[in-house]
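*Asks:* Take this structure first; my questions come after.
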Amino acid sequence: MWTVIYIAPTAKLAERIKLKLSEEGFLVKTRAISASKQQFEILVPSGEVEEVQEVLNSILHP
């Protein structure tokens with residue numbers, strides 16, 4: 001089961017987050033929320049949510 005951990009306001013930020021989390025060894029998917037709004041969900045397996053949150057915080061707040 002995949003869980004949304006973050007909604008990125010731009011495709012560029014979504015790709016940056018996906019790349020960084022992948023480099024840390026996590027499985028990551030991105031999905032556009034809608035065509036009209038440029039927002040993207042970042043999804044990870046539900047069993048990894050807690051570990052991913054720690055890494056995500058360091059990406060968003062260096």
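All residue names refer to the structure tokens as shown: chains lettered A, B, ... in order, residues numbered from 1 in each chain, ligands numbered from 1 in order.
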May I have all residues of chain A that DSSP, computed from the backbone, assigns to alpha helix (DSSP H), given as a ChimeraX atom specification?

*Replies:* /A:11-23,49-60

*Asks:* Take the residues from that selection and put them in a file with N, CA, C and O atoms, as a compact mmCIF listing (two decimals), in the first residue's frame.

*Replies:*
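That gives us result32.txt:
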```txt
# COMPACT_ATOMS: atom_id res chain seq x y z
N ALA A 11 6.38 20.48 -10.28
CA ALA A 11 6.99 19.25 -10.78
C ALA A 11 8.47 19.19 -10.44
O ALA A 11 9.00 18.13 -10.10
N LYS A 12 9.12 20.34 -10.49
CA LYS A 12 10.56 20.40 -10.20
C LYS A 12 10.85 19.96 -8.77
O LYS A 12 11.76 19.16 -8.52
N LEU A 13 10.07 20.46 -7.81
CA LEU A 13 10.26 20.08 -6.42
C LEU A 13 9.92 18.60 -6.22
O LEU A 13 10.63 17.88 -5.51
N ALA A 14 8.87 18.13 -6.85
CA ALA A 14 8.49 16.71 -6.74
C ALA A 14 9.62 15.82 -7.23
O ALA A 14 9.96 14.82 -6.58
N GLU A 15 10.23 16.16 -8.34
CA GLU A 15 11.33 15.36 -8.87
C GLU A 15 12.55 15.42 -7.97
O GLU A 15 13.24 14.42 -7.79
N ARG A 16 12.82 16.59 -7.40
CA ARG A 16 13.97 16.73 -6.49
C ARG A 16 13.79 15.85 -5.26
O ARG A 16 14.71 15.15 -4.83
N ILE A 17 12.59 15.87 -4.69
CA ILE A 17 12.30 15.05 -3.51
C ILE A 17 12.40 13.56 -3.87
O ILE A 17 13.00 12.78 -3.15
N LYS A 18 11.82 13.19 -5.01
CA LYS A 18 11.86 11.79 -5.45
C LYS A 18 13.31 11.32 -5.61
O LYS A 18 13.68 10.24 -5.15
N LEU A 19 14.13 12.14 -6.24
CA LEU A 19 15.54 11.79 -6.46
C LEU A 19 16.28 11.61 -5.14
O LEU A 19 16.98 10.62 -4.92
N LYS A 20 16.10 12.57 -4.22
CA LYS A 20 16.81 12.50 -2.94
C LYS A 20 16.38 11.28 -2.13
O LYS A 20 17.21 10.59 -1.53
N LEU A 21 15.07 11.01 -2.10
CA LEU A 21 14.58 9.85 -1.34
C LEU A 21 15.05 8.55 -1.99
O LEU A 21 15.42 7.60 -1.29
N SER A 22 15.09 8.50 -3.31
CA SER A 22 15.58 7.32 -4.02
C SER A 22 17.06 7.08 -3.71
O SER A 22 17.49 5.94 -3.53
N GLU A 23 17.83 8.17 -3.65
CA GLU A 23 19.25 8.06 -3.32
C GLU A 23 19.45 7.49 -1.91
O GLU A 23 20.46 6.84 -1.64
N VAL A 49 6.97 5.01 6.00
CA VAL A 49 6.55 6.40 6.20
C VAL A 49 7.38 7.10 7.28
O VAL A 49 7.86 8.22 7.06
N GLU A 50 7.57 6.47 8.43
CA GLU A 50 8.29 7.14 9.52
C GLU A 50 9.73 7.46 9.16
O GLU A 50 10.20 8.57 9.40
N GLU A 51 10.43 6.50 8.55
CA GLU A 51 11.81 6.74 8.15
C GLU A 51 11.89 7.82 7.07
O GLU A 51 12.78 8.68 7.09
N VAL A 52 10.96 7.76 6.13
CA VAL A 52 10.95 8.74 5.03
C VAL A 52 10.68 10.14 5.56
O VAL A 52 11.28 11.10 5.09
N GLN A 53 9.81 10.27 6.55
CA GLN A 53 9.50 11.60 7.11
C GLN A 53 10.75 12.29 7.63
O GLN A 53 10.93 13.48 7.44
N GLU A 54 11.62 11.53 8.29
CA GLU A 54 12.86 12.11 8.81
C GLU A 54 13.73 12.65 7.68
O GLU A 54 14.27 13.76 7.75
N VAL A 55 13.88 11.86 6.62
CA VAL A 55 14.70 12.28 5.48
C VAL A 55 14.03 13.44 4.76
O VAL A 55 14.69 14.40 4.36
N LEU A 56 12.72 13.37 4.59
CA LEU A 56 11.97 14.44 3.91
C LEU A 56 12.16 15.76 4.65
O LEU A 56 12.37 16.81 4.02
N ASN A 57 12.11 15.73 5.98
CA ASN A 57 12.32 16.96 6.76
C ASN A 57 13.68 17.56 6.49
O ASN A 57 13.83 18.78 6.38
N SER A 58 14.70 16.71 6.35
CA SER A 58 16.05 17.24 6.09
C SER A 58 16.16 17.79 4.67
O SER A 58 16.95 18.69 4.41
N ILE A 59 15.36 17.27 3.74
CA ILE A 59 15.36 17.79 2.36
C ILE A 59 14.67 19.16 2.32
O ILE A 59 15.16 20.10 1.71
N LEU A 60 13.53 19.25 2.99
CA LEU A 60 12.73 20.48 2.95
C LEU A 60 13.27 21.58 3.85
O LEU A 60 13.08 22.76 3.57
```

*Asks:* Leaving out Thr30 (chain A) and any residue of its chain fewer than 3 positions from it, which residues lie within 7 Å of it when counting only C-alpha atoms, given as a list in words?

*Replies:*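 Skipping anything fewer than 3 positions along the chain leaves Ala14, Phe40, Glu41, Ile42 and Leu43 of chain A.
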
*Asks:* Go ahead and compute the interatomic distance for CA of Pro9 (chain A) and CA of Ala35 (chain A), in Å to one decimal.

*Replies:*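 CA of Pro9 (chain A) sits 12.6 Å away from CA of Ala35 (chain A).
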
*Asks:* List every residue of chain A that DSSP, applied to the backbone, labels as strand (DSSP E), and write the result as a PyMOL selection string.

*Replies:* chain A and resi 2-8+29-32+40-45
